[in-house]
Structure formats: C-alpha cells, structure tokens
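Printed here is input.cif (mmCIF, C-alpha atoms):
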```cif
data_run
#
loop_
_atom_site.label_atom_id
_atom_site.label_comp_id
_atom_site.auth_asym_id
_atom_site.auth_seq_id
_atom_site.Cartn_x
_atom_site.Cartn_y
_atom_site.Cartn_z
CA MET A 20 -27.98 -1.74 11.91
CA ASN A 21 -29.69 1.10 13.81
CA GLN A 22 -28.95 4.83 13.64
CA VAL A 23 -26.65 4.70 16.70
CA ASP A 24 -24.61 1.89 15.15
CA ASN A 25 -24.47 3.79 11.88
CA ALA A 26 -23.12 6.89 13.61
CA ALA A 27 -20.57 4.85 15.56
CA GLY A 28 -19.41 3.13 12.37
CA ALA A 29 -19.07 6.43 10.56
CA ASP A 30 -17.20 7.87 13.53
CA ARG A 31 -14.67 5.03 13.37
CA GLN A 32 -14.23 5.57 9.64
CA VAL A 33 -13.63 9.31 10.03
CA ARG A 34 -11.23 8.87 12.95
CA ARG A 35 -8.86 6.75 10.87
CA ALA A 36 -7.41 10.02 9.58
CA THR A 37 -5.15 11.37 12.31
CA TYR A 38 -1.89 13.17 13.00
CA LEU A 39 0.78 11.16 14.76
CA ALA A 40 2.53 14.20 16.26
CA LYS A 41 -0.65 15.85 17.55
CA ASP A 42 0.65 16.25 21.11
CA ASP A 43 4.00 17.64 19.97
CA GLN A 44 4.22 21.44 19.87
CA ALA A 45 8.00 21.49 19.33
CA LEU A 46 9.25 23.58 16.42
CA THR A 47 12.12 21.30 15.48
CA PHE A 48 12.85 17.67 14.57
CA PRO A 49 12.80 15.40 17.66
CA PRO A 50 15.74 13.04 17.05
CA ASP A 51 14.02 10.09 18.70
CA ARG A 52 11.00 10.38 16.39
CA THR A 53 12.42 11.74 13.13
CA VAL A 54 13.81 9.84 10.14
CA LEU A 55 15.63 11.09 7.06
CA LEU A 56 14.29 9.20 4.05
CA VAL A 57 16.76 9.13 1.14
CA ILE A 58 14.88 8.16 -2.01
CA ASP A 59 16.70 6.64 -5.00
CA PRO A 60 20.22 8.02 -4.40
CA VAL A 61 21.53 5.85 -7.24
CA ASN A 62 23.83 6.14 -10.24
CA ASP A 63 21.12 5.98 -12.88
CA PHE A 64 19.78 9.30 -11.53
CA LEU A 65 22.84 11.01 -10.09
CA SER A 66 25.93 9.91 -12.01
CA GLU A 67 27.12 10.80 -15.49
CA GLY A 68 26.47 7.77 -17.66
CA GLY A 69 23.41 6.74 -15.66
CA ALA A 70 20.38 5.65 -17.65
CA ALA A 71 18.38 8.71 -16.54
CA TRP A 72 21.27 11.20 -16.35
CA GLU A 73 20.34 13.08 -19.52
CA LEU A 74 16.93 13.73 -17.97
CA THR A 75 18.02 14.61 -14.44
CA LYS A 76 21.36 16.36 -14.89
CA ASN A 77 19.96 19.90 -15.18
CA THR A 78 18.22 19.97 -11.80
CA VAL A 79 20.89 17.84 -10.11
CA LYS A 80 23.61 20.27 -11.17
CA MET A 81 21.49 23.40 -10.66
CA HIS A 82 20.79 22.60 -7.01
CA ASN A 83 24.03 20.76 -6.23
CA VAL A 84 21.82 17.86 -5.21
CA VAL A 85 24.47 15.22 -4.51
CA GLU A 86 26.48 17.47 -2.20
CA ASN A 87 23.35 18.69 -0.42
CA MET A 88 22.08 15.15 0.04
CA LYS A 89 25.47 14.24 1.49
CA ARG A 90 25.28 17.20 3.92
CA ALA A 91 21.75 16.33 5.03
CA ILE A 92 22.72 12.71 5.62
CA GLY A 93 25.81 13.74 7.58
CA GLY A 94 23.80 16.12 9.75
CA ALA A 95 21.18 13.48 10.50
CA ARG A 96 23.87 11.00 11.49
CA ARG A 97 25.57 13.49 13.80
CA HIS A 98 22.30 14.16 15.62
CA GLY A 99 21.25 10.53 15.95
CA ILE A 100 18.44 10.70 13.39
CA PRO A 101 18.01 7.38 11.55
CA VAL A 102 18.82 7.51 7.83
CA ILE A 103 16.65 5.19 5.73
CA TYR A 104 17.50 4.43 2.11
CA GLY A 105 14.68 3.72 -0.35
CA PRO A 106 16.08 2.53 -3.72
CA MET A 107 14.47 0.91 -6.76
CA ALA A 108 15.51 -2.32 -8.46
CA TYR A 109 13.82 -4.31 -11.22
CA THR A 110 14.27 -7.96 -12.17
CA GLU A 111 13.15 -10.06 -15.14
CA GLU A 112 10.15 -11.26 -13.14
CA ASP A 113 8.86 -7.70 -12.69
CA TYR A 114 8.52 -7.31 -16.44
CA ALA A 115 8.13 -10.85 -17.83
CA ASP A 116 5.72 -12.10 -15.15
CA GLU A 117 4.09 -8.93 -13.74
CA SER A 118 4.13 -6.72 -16.88
CA LEU A 119 4.99 -3.61 -14.87
CA GLN A 120 6.00 -1.88 -18.10
CA ARG A 121 2.29 -1.74 -18.97
CA ARG A 122 1.20 -0.28 -15.62
CA THR A 123 2.20 3.40 -15.83
CA GLY A 124 4.00 5.89 -18.03
CA ILE A 125 7.05 6.05 -15.77
CA ASN A 126 7.26 2.23 -15.62
CA ARG A 127 7.33 2.17 -19.43
CA ILE A 128 10.06 4.80 -19.56
CA MET A 129 12.18 2.93 -17.02
CA PHE A 130 11.70 -0.35 -18.89
CA GLU A 131 12.62 1.02 -22.31
CA ASN A 132 15.73 2.75 -20.95
CA LYS A 133 16.85 -0.20 -18.78
CA MET A 134 16.80 1.89 -15.61
CA PHE A 135 17.47 0.48 -12.14
CA LEU A 136 18.12 -3.10 -13.26
CA ALA A 137 18.82 -5.17 -10.15
CA GLY A 138 22.52 -5.85 -9.61
CA SER A 139 23.65 -3.24 -12.14
CA TRP A 140 25.90 -0.21 -11.63
CA GLY A 141 22.94 2.03 -12.39
CA ALA A 142 20.85 0.64 -9.53
CA ASP A 143 23.75 0.91 -7.08
CA PHE A 144 24.14 3.82 -4.68
CA HIS A 145 26.07 6.90 -5.79
CA PRO A 146 29.63 6.62 -4.40
CA ASP A 147 29.15 9.74 -2.23
CA LEU A 148 25.83 8.51 -0.81
CA GLN A 149 26.62 5.01 0.40
CA PRO A 150 24.62 3.65 3.36
CA GLN A 151 26.55 2.79 6.48
CA ASP A 152 26.49 -0.81 7.65
CA ASP A 153 24.05 -0.10 10.48
CA GLU A 154 21.59 1.91 8.37
CA ILE A 155 18.32 0.68 6.92
CA VAL A 156 18.16 -0.17 3.21
CA LEU A 157 14.57 -0.90 2.25
CA LEU A 158 13.26 -3.51 -0.11
CA PRO A 159 12.94 -1.92 -3.56
CA HIS A 160 9.86 0.07 -4.47
CA LYS A 161 8.46 -0.88 -7.86
CA GLY A 162 6.45 2.30 -8.41
CA THR A 163 6.59 5.86 -7.10
CA ASP A 164 5.61 5.28 -3.47
CA VAL A 165 8.26 4.12 -0.99
CA LEU A 166 5.53 3.44 1.59
CA HIS A 167 4.73 0.36 -0.53
CA THR A 168 7.79 -1.41 0.85
CA ASP A 169 8.85 -2.50 4.33
CA LEU A 170 9.18 1.20 5.29
CA PRO A 171 5.99 1.27 7.44
CA ASP A 172 7.36 -1.55 9.61
CA HIS A 173 10.56 0.39 10.28
CA LEU A 174 8.69 3.62 10.99
CA GLU A 175 6.49 1.87 13.53
CA ARG A 176 9.44 0.14 15.17
CA LEU A 177 11.33 3.44 15.47
CA GLY A 178 8.31 5.33 16.84
CA THR A 179 8.52 7.80 13.97
CA THR A 180 6.28 10.86 13.76
CA HIS A 181 8.44 13.17 11.58
CA MET A 182 9.75 12.35 8.12
CA VAL A 183 12.28 14.45 6.19
CA ILE A 184 12.51 13.61 2.49
CA ILE A 185 15.42 14.03 0.08
CA GLY A 186 16.36 12.33 -3.18
CA MET A 187 14.84 11.62 -6.56
CA THR A 188 12.62 12.58 -8.20
CA ALA A 189 10.64 15.59 -7.04
CA ASN A 190 7.40 15.03 -8.93
CA LEU A 191 7.33 11.23 -8.67
CA CYS A 192 8.78 9.21 -5.78
CA CYS A 193 9.40 12.18 -3.46
CA GLU A 194 5.95 13.62 -4.01
CA SER A 195 4.07 10.30 -3.91
CA THR A 196 5.83 9.09 -0.78
CA GLY A 197 5.40 12.41 1.03
CA ARG A 198 1.74 12.54 0.09
CA HIS A 199 1.15 9.00 1.40
CA ALA A 200 3.15 9.72 4.56
CA ALA A 201 1.17 12.88 5.27
CA GLU A 202 -2.11 11.01 4.75
CA ALA A 203 -0.83 8.40 7.21
CA GLY A 204 -0.31 11.13 9.82
CA PHE A 205 3.40 11.95 9.60
CA ASP A 206 4.87 15.44 9.81
CA VAL A 207 6.53 15.69 6.36
CA THR A 208 9.32 18.13 5.46
CA TYR A 209 10.97 18.36 2.05
CA LEU A 210 14.56 19.63 1.62
CA SER A 211 14.28 21.30 -1.77
CA ASP A 212 18.00 21.66 -2.60
CA ALA A 213 18.58 17.97 -1.87
CA ILE A 214 15.92 16.89 -4.39
CA GLY A 215 16.19 16.68 -8.19
CA SER A 216 13.81 15.91 -11.02
CA GLU A 217 13.76 14.86 -14.66
CA SER A 218 13.10 18.43 -15.81
CA VAL A 219 13.08 21.98 -14.48
CA PRO A 220 9.30 22.41 -14.98
CA SER A 221 8.51 19.21 -13.06
CA TYR A 222 10.86 20.27 -10.26
CA GLU A 223 9.27 23.72 -9.98
CA ALA A 224 5.73 22.34 -10.03
CA ALA A 225 6.49 19.84 -7.28
CA VAL A 226 8.56 22.09 -5.02
CA ARG A 227 6.65 25.37 -5.46
CA VAL A 228 3.08 24.10 -5.78
CA ASN A 229 2.59 20.55 -4.50
CA PHE A 230 5.09 20.07 -1.66
CA PRO A 231 3.85 23.15 0.28
CA LEU A 232 0.33 21.71 0.35
CA ILE A 233 0.96 18.01 0.91
CA GLY A 234 3.76 18.53 3.44
CA ASN A 235 4.25 20.75 6.47
CA ALA A 236 7.25 22.70 5.16
CA VAL A 237 9.75 23.07 2.35
CA MET A 238 13.20 23.92 3.70
CA LYS A 239 16.81 24.13 2.55
CA VAL A 240 19.47 21.77 3.88
CA ASP A 241 21.14 24.65 5.77
CA GLU A 242 17.86 25.35 7.56
CA PHE A 243 17.35 21.70 8.40
CA LEU A 244 20.84 21.56 9.89
CA ALA A 245 20.22 24.77 11.83
CA ALA A 246 16.98 23.34 13.25
CA LEU A 247 18.87 20.29 14.48
CA GLN A 248 21.07 22.52 16.64
CA ASN A 249 18.20 23.37 18.99
CA PRO A 250 16.79 20.98 21.63
CA ALA A 251 13.06 20.63 21.17
CA GLY A 252 12.12 22.32 24.44
CA ASP A 253 14.18 25.45 23.79
CA VAL A 254 12.68 26.55 20.47
CA GLN A 255 10.42 29.60 20.56
CA VAL A 256 9.52 32.20 17.97
CA GLN A 257 11.27 35.51 18.61
CA VAL A 258 10.63 39.12 17.58
CA GLY A 259 12.74 39.76 14.49
CA ASP A 260 12.43 36.22 13.12
CA THR A 261 11.75 35.90 9.40
CA VAL A 262 8.50 34.11 8.59
CA HIS A 263 8.33 31.75 5.60
CA GLY A 264 5.35 30.01 4.12
CA SER A 265 5.33 26.26 3.62
CA ASP A 266 6.56 27.03 0.08
CA HIS A 267 9.69 28.63 1.62
CA MET A 268 8.70 32.07 0.29
CA GLU A 269 9.29 34.95 2.70
CA ILE A 270 6.19 36.50 4.26
CA GLY A 271 7.73 39.10 6.57
CA THR A 272 9.34 39.78 9.93
CA VAL A 273 7.83 39.07 13.33
CA GLU A 274 7.07 42.37 15.10
CA GLU A 275 5.24 40.91 18.08
CA VAL A 276 4.65 37.49 19.65
CA VAL A 277 1.44 37.37 21.68
CA GLY A 278 0.48 34.38 23.82
CA PRO A 279 -3.08 33.08 24.16
CA SER A 280 -5.56 34.97 26.32
CA PRO A 281 -9.10 34.20 27.49
CA GLU A 282 -10.36 36.13 24.45
CA THR A 283 -7.96 35.21 21.64
CA GLU A 284 -5.61 32.55 20.38
CA GLY A 285 -1.88 33.27 20.45
CA TYR A 286 -0.43 34.86 17.33
CA LEU A 287 2.52 36.40 15.52
CA LEU A 288 2.12 39.92 14.18
CA VAL A 289 3.74 40.40 10.78
CA PRO A 290 3.20 44.07 9.88
CA ARG A 291 2.35 45.59 6.55
CA GLY A 292 5.44 46.16 4.45
CA ILE A 293 7.03 45.64 1.08
CA ILE A 294 6.27 41.93 1.07
CA VAL A 295 2.75 41.96 2.57
CA ASP A 296 0.12 44.65 1.95
CA ARG A 297 -1.58 44.42 5.34
CA ASP A 298 -0.91 43.41 8.92
CA ILE A 299 -1.20 39.63 9.36
CA PHE A 300 -2.01 37.94 12.65
CA ILE A 301 -0.65 34.42 12.15
CA PRO A 302 -1.87 31.88 14.74
CA LEU A 303 0.97 30.43 16.80
CA ALA A 304 -0.53 27.02 16.08
CA ALA A 305 0.29 27.50 12.39
CA VAL A 306 4.02 27.66 13.15
CA VAL A 307 5.63 24.27 12.54
CA LYS A 308 9.41 24.79 12.46
CA ARG A 309 12.11 27.25 13.54
CA ALA A 310 15.62 27.08 12.10
CA GLY A 311 17.99 29.75 13.41
CA THR A 312 15.96 32.92 12.98
CA ASP A 313 13.75 31.49 10.23
CA VAL A 314 10.21 30.46 11.12
CA PHE A 315 8.02 28.25 8.92
CA ILE A 316 4.23 28.13 8.93
CA ASN A 317 2.26 25.38 7.21
CA VAL A 318 0.48 27.67 4.74
CA PRO A 319 2.05 28.75 1.42
CA LYS A 320 2.78 32.46 1.04
CA LEU A 321 0.57 32.59 -2.03
CA VAL A 322 -2.39 31.51 0.12
CA VAL A 323 -1.66 33.57 3.25
CA GLY A 324 -3.44 36.62 1.80
CA LYS A 325 -6.64 34.57 1.54
CA MET A 326 -6.55 33.37 5.16
CA PRO A 327 -8.86 35.02 7.77
CA TRP A 328 -5.90 36.54 9.61
CA ASP A 329 -6.73 40.26 9.47
CA GLU A 330 -7.04 40.31 13.26
CA PRO A 331 -6.32 37.94 16.16
CA THR A 332 -8.49 34.83 16.11
CA GLY A 333 -11.12 34.89 18.85
CA ARG A 334 -11.85 31.85 20.98
CA VAL A 335 -15.42 31.54 19.68
CA GLU A 336 -14.31 31.89 16.08
CA GLN A 337 -11.63 29.25 16.61
CA ARG A 338 -14.14 26.82 18.08
CA GLU A 339 -16.45 27.30 15.10
CA LYS A 340 -13.65 26.11 12.80
CA TYR A 341 -13.80 22.69 14.44
CA GLY A 342 -17.32 22.03 13.15
CA LYS A 343 -19.81 19.77 14.91
CA PRO A 344 -18.88 16.72 16.99
CA MET A 345 -19.64 13.49 15.14
CA ARG A 346 -22.48 12.62 17.51
CA ASP A 347 -24.35 15.74 16.35
CA VAL A 348 -23.96 15.05 12.63
CA GLY A 349 -26.97 13.33 11.13
CA GLN A 350 -25.54 12.90 7.64
CA LEU A 351 -21.92 13.56 6.75
CA TYR A 352 -22.73 15.09 3.38
CA GLY A 353 -25.94 16.91 4.14
CA SER A 354 -28.27 15.57 1.48
CA HIS A 355 -26.60 12.15 1.17
CA SER A 356 -25.52 9.49 3.62
CA ALA A 357 -22.09 7.90 3.61
CA SER A 358 -21.99 4.19 2.80
CA ALA A 359 -21.07 3.32 6.39
CA GLN A 360 -24.27 5.00 7.53
CA THR A 361 -26.54 3.18 5.10
CA GLN A 362 -25.28 -0.39 5.24
CA SER A 363 -27.67 -2.65 7.11
CA ALA A 364 -26.65 -5.49 9.39
CA PRO A 365 -26.79 -8.99 7.82
#
```

Here is a file; write its structure as structure tokens.
Amino acid sequence: MNQVDNAAGADRQVRRATYLAKDDQALTFPPDRTVLLVIDPVNDFLSEGGAAWELTKNTVKMHNVVENMKRAIGGARRHGIPVIYGPMAYTEEDYADESLQRRTGINRIMFENKMFLAGSWGADFHPDLQPQDDEIVLLPHKGTDVLHTDLPDHLERLGTTHMVIIGMTANLCCESTGRHAAEAGFDVTYLSDAIGSESVPSYEAAVRVNFPLIGNAVMKVDEFLAALQNPAGDVQVQVGDTVHGSDHMEIGTVEEVVGPSPETEGYLLVPRGIIVDRDIFIPLAAVVKRAGTDVFINVPKLVVGKMPWDEPTGRVEQREKYGKPMRDVGQLYGSHSASAQTQSAP
C-alpha cells in the first residue's frame, strides 16, 4: 500500500465520525426527524414495591419524574414526534446460559435483586406511562445501552437526526445511550426533570457534569414543550433572551445579536454582570436550541469562562480552528502513524 492509499484509508477512517444534522441550523426539534426515547419506564424503577424502588425513590420523588415523563410523552405525541420505548427484560437463559450476572456490577445487582424479570409486574410499564398501540416498543436491552437493540433500525427508518432522552437511570442507561447516540452523530438532548437515578449523587454527577458534555443540551420538560411550539424556520435568538449553558446553568442575557460579516462570525453579546465577570461574545453557531425566551448553547457554563470568546471571532481565527485538510496531514499523531497508515497491502 503506497502513501496515497494510506492517506485515503486514514481519511475514510476519520470521516466515519460525523454529525447527522450538520445541515440543520434550526434551534428547535424538527418533528419529522426527532424521536423521544423513553428508557426503562417500568414498575421496578418507578413504582412503590418495585425491586429497585428503595434505590430510586429519592430522585423520582424529588423531580416528580413520573409526572414529567408523562408530560414529555404527551407533548411529543401532540406534535407528531415518535415515542420509542426502551425497556429491559431478563430471562433464565440470560443468566443460566450467558452468565450476564458476571459481566458487570449493575448486572450483578439486578440479578441478586430479581429486577426486570421478563413477564413480571416489575418489568411491566408503569401504569401512567403505557405505550400506545401504534408506538414502538424495542427489544429489551441487556446492559446499559439501548442502542444495542433494534433501535438503530427504527432510527434509520424514521430518518432521525435528533434524540430526546427521558427515563431511568441517569448515570447508567440514559448516559450510556446518549453517549453512544452522540458518537453516532445524533443531536442528543436530556430532559433532566424526567430522569431519575439510584441515588442523588449519581443523578447530580450525570446531569450536572456528564450530560452537558456528551449531549447538546440539558433542558427541563417545560422548555422542551415550549420549543415544540415554534416551527423550525421561525426560531431566532432575540435581544433579552436568557442564555443557558449545556448544563442548564444561566450565563446571562442577550444584549445584542450580530450577524456574520466579512471580518467576523456572527455572535451574541452577553455583557458583564452579576453572573459573568466579563463581556462574552458567543458564536451564533454555538446556539443549539431556543425554548420561549431561553437559549441554549452547547458549552457548559462552568467552561464558558475558559472559551476564547473575549471578542468576536474573526474569519481567519475561525478557519484556523478547523486544522489542516486530511490531504495535508502526513501523520495523524505527529511522531507516530495510525495503524491505517502503516498497514501494507497483502
């Protein structure tokens, strides 16, 4: 394999990572390309007497999770957004033949506590969160990632680019599935008050730290429902809007909206104030959602202060952020070649 073939092979490898909604600049949830994924809305997690209830009840009650899940599902249905249910269910074969109880810590916990046994009340859907007859109920996931089911087939068939996640639990199935979906190119949004966990610390770690980095935004159900009110083409950031980071924390108020010019990229000006200690020029391209008068960017508030946004981003500076085209890169890692560049033809 010659150097040209090596470069072409490496280029193909790199280009596997993509973003399905790359041509979509809308700041809402396009109903023809969005799904609401409801993960494990079952009695063992959400009902008193469920096998995991003693673990989950604190966060479920604290955030009124069942009611908020019900509201999110109802809103999706009203706006024609497909609702997909992703439950778990375990049979004798999973444990006796496949030894899943030896695979991970959470599999052991579920096994010992007889959680999600197929055909049981515990593995059945919560009475307030029942799928409708025409809605998709996936084959059961046996670990923490719902993408390891028939979900990818349904997403492809529906032409999905945006995934909204609710359900159980924050730090396991919701996080793993959202992480996988984002890596696969989907625009991922978490609805934090429609998600529970097995403890308050695990909920806080997932929602405050991990979701804002592996997804595009963390929102409340009310904000999701507000975003659904606006047709995609009509959504624009306005002066006076409140800007939130991807962690949902408030950054400030929009004082000015400036479109792109020959010299600079477009930006939002959020002035120095009580919340921020300096003027911030947030690129318009960093804005991912608008719900009512709330705007969400895909950077956590705790990281915004470390971004190079002290002034509008110049065109040359923006281009430099892209790096070199693949054809101009001799070795991906500088002093070492990637395996695709070093393999020789048989």

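Take the PyMOL selection byres ((chain A and resi 180) around 7) and apply it to this file: it picks Leu39, Ala40, Arg52, Thr53, Gly178, Thr179, His181, Met182, Phe205 and Asp206 of chain A.
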
Could you jot down the CA of Lys320 in chain A to CA of Ile270 in chain A separation for me, Å, one decimal place? 6.2 Å

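Among the candidate residues A:Val165, A:Met345, A:Ala108, A:Ile301, the one lying nearest to Ser139 in chain A is A:Ala108, with distances computed using all atoms listed in the file.
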
Best match for closeness to Glu86 in chain A among A:Leu65, A:Leu244, A:Val183, A:Met326, counting all atoms listed in the file: A:Leu65

Residue by residue, what does the PyMOL selection byres ((chain A and resi 223) around 12) grab here? Present the result as a list in words. Thr78, His82, Thr188, Ala189, Asn190, Ser211, Asp212, Ile214, Gly215, Ser216, Glu217, Ser218, Val219, Pro220, Ser221, Tyr222, Ala224, Ala225, Val226, Arg227, Val228, Asn229, Phe230, Pro231 and Asp266 of chain A

At most 8 Å is the cut-off: for each residue in range 183-260 of chain A with any atom that close to an atom of range 314-319 of chain A, write down the nearest atom pair and the distance in Å rounded to one decimal, counting all atoms listed in the file, chain first then increasing number, as a tab-separated table.
```
residue	atom	partner	partner_atom	distance
A:Pro231	CA	A:Pro319	CA	6.0
A:Leu232	CA	A:Pro319	CA	7.3
A:Gly234	CA	A:Asn317	CA	8.0
A:Asn235	CA	A:Asn317	CA	5.1
A:Ala236	CA	A:Asn317	CA	6.0
A:Val256	CA	A:Val314	CA	7.1
A:Asp260	CA	A:Val314	CA	6.5
```

Expanded to explicit residues, what is the PyMOL selection byres ((chain A and resi 100-104) around 6) for this file, as a ChimeraX atom specification? /A:50,54-57,95-96,98-99,105,155-156

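Rounded to one decimal, CA of Met238 in chain A and CA of Ile92 in chain A lie 14.8 Å from each other.
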
One-decimal distance in Å that lies between CA of Val262 in chain A and CA of Arg309 in chain A: 9.2 Å

Calculated over all atoms listed in the file, which of the candidates A:Gly278, A:Gly259, A:Gly186, A:Gly285 has the smallest distance to Gly311 in chain A? A:Gly259

Contacts of Thr332 in chain A at 8 Å or less, counting all atoms listed in the file, minus same-chain residues fewer than 4 places along, as a list in words? Thr283, Glu284, Phe300, Pro302, Trp328, Glu336 and Gln337 of chain A

Would you please work out which residue, of A:Pro344, A:Leu170, A:Ala70, A:Cys192, is nearest to Glu131 in chain A when using only C-alpha atoms?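 Checking each candidate against Glu131 in chain A, we get A:Ala70 as the closest.
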
N, CA and C atoms modelled onto range 294-317 of chain A, as a tab-separated table (two decimals), keeping the file's coordinate frame:
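This is the output file out18.tsv:
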```tsv
chain	number	residue	atom	x	y	z
A	294	ILE	N	6.64	43.28	1.46
A	294	ILE	CA	6.27	41.93	1.07
A	294	ILE	C	4.78	41.67	1.25
A	295	VAL	N	4.18	42.15	2.34
A	295	VAL	CA	2.75	41.96	2.57
A	295	VAL	C	2.06	43.32	2.58
A	296	ASP	N	0.82	43.37	2.09
A	296	ASP	CA	0.12	44.65	1.95
A	296	ASP	C	-0.81	44.96	3.11
A	297	ARG	N	-0.76	44.17	4.16
A	297	ARG	CA	-1.58	44.42	5.34
A	297	ARG	C	-0.97	43.71	6.53
A	298	ASP	N	-1.34	44.12	7.72
A	298	ASP	CA	-0.91	43.41	8.92
A	298	ASP	C	-1.53	42.01	8.91
A	299	ILE	N	-0.72	41.01	9.31
A	299	ILE	CA	-1.20	39.63	9.36
A	299	ILE	C	-0.99	39.09	10.76
A	300	PHE	N	-2.05	38.53	11.32
A	300	PHE	CA	-2.01	37.94	12.65
A	300	PHE	C	-2.00	36.41	12.47
A	301	ILE	N	-0.81	35.84	12.43
A	301	ILE	CA	-0.65	34.42	12.15
A	301	ILE	C	-0.80	33.62	13.44
A	302	PRO	N	-1.73	32.67	13.51
A	302	PRO	CA	-1.87	31.88	14.74
A	302	PRO	C	-0.57	31.15	15.09
A	303	LEU	N	-0.23	31.16	16.37
A	303	LEU	CA	0.97	30.43	16.80
A	303	LEU	C	0.87	28.95	16.43
A	304	ALA	N	-0.35	28.43	16.40
A	304	ALA	CA	-0.53	27.02	16.08
A	304	ALA	C	-0.19	26.69	14.64
A	305	ALA	N	-0.08	27.72	13.79
A	305	ALA	CA	0.29	27.50	12.39
A	305	ALA	C	1.79	27.41	12.19
A	306	VAL	N	2.56	27.73	13.23
A	306	VAL	CA	4.02	27.66	13.15
A	306	VAL	C	4.46	26.22	13.38
A	307	VAL	N	5.25	25.68	12.44
A	307	VAL	CA	5.63	24.27	12.54
A	307	VAL	C	7.13	24.04	12.74
A	308	LYS	N	7.98	24.98	12.32
A	308	LYS	CA	9.41	24.79	12.46
A	308	LYS	C	10.10	26.14	12.68
A	309	ARG	N	11.22	26.09	13.42
A	309	ARG	CA	12.11	27.25	13.54
A	309	ARG	C	13.54	26.77	13.33
A	310	ALA	N	14.24	27.43	12.42
A	310	ALA	CA	15.62	27.08	12.10
A	310	ALA	C	16.45	28.36	12.17
A	311	GLY	N	17.29	28.48	13.21
A	311	GLY	CA	17.99	29.75	13.41
A	311	GLY	C	16.98	30.83	13.68
A	312	THR	N	16.95	31.84	12.83
A	312	THR	CA	15.96	32.92	12.98
A	312	THR	C	14.90	32.85	11.90
A	313	ASP	N	14.78	31.70	11.25
A	313	ASP	CA	13.75	31.49	10.23
A	313	ASP	C	12.62	30.65	10.81
A	314	VAL	N	11.40	31.14	10.61
A	314	VAL	CA	10.21	30.46	11.12
A	314	VAL	C	9.37	30.01	9.92
A	315	PHE	N	8.82	28.81	10.01
A	315	PHE	CA	8.02	28.25	8.92
A	315	PHE	C	6.60	27.98	9.41
A	316	ILE	N	5.63	28.46	8.64
A	316	ILE	CA	4.23	28.13	8.93
A	316	ILE	C	3.75	27.14	7.87
A	317	ASN	N	2.69	26.40	8.16
A	317	ASN	CA	2.26	25.38	7.21
A	317	ASN	C	1.16	25.87	6.28
```
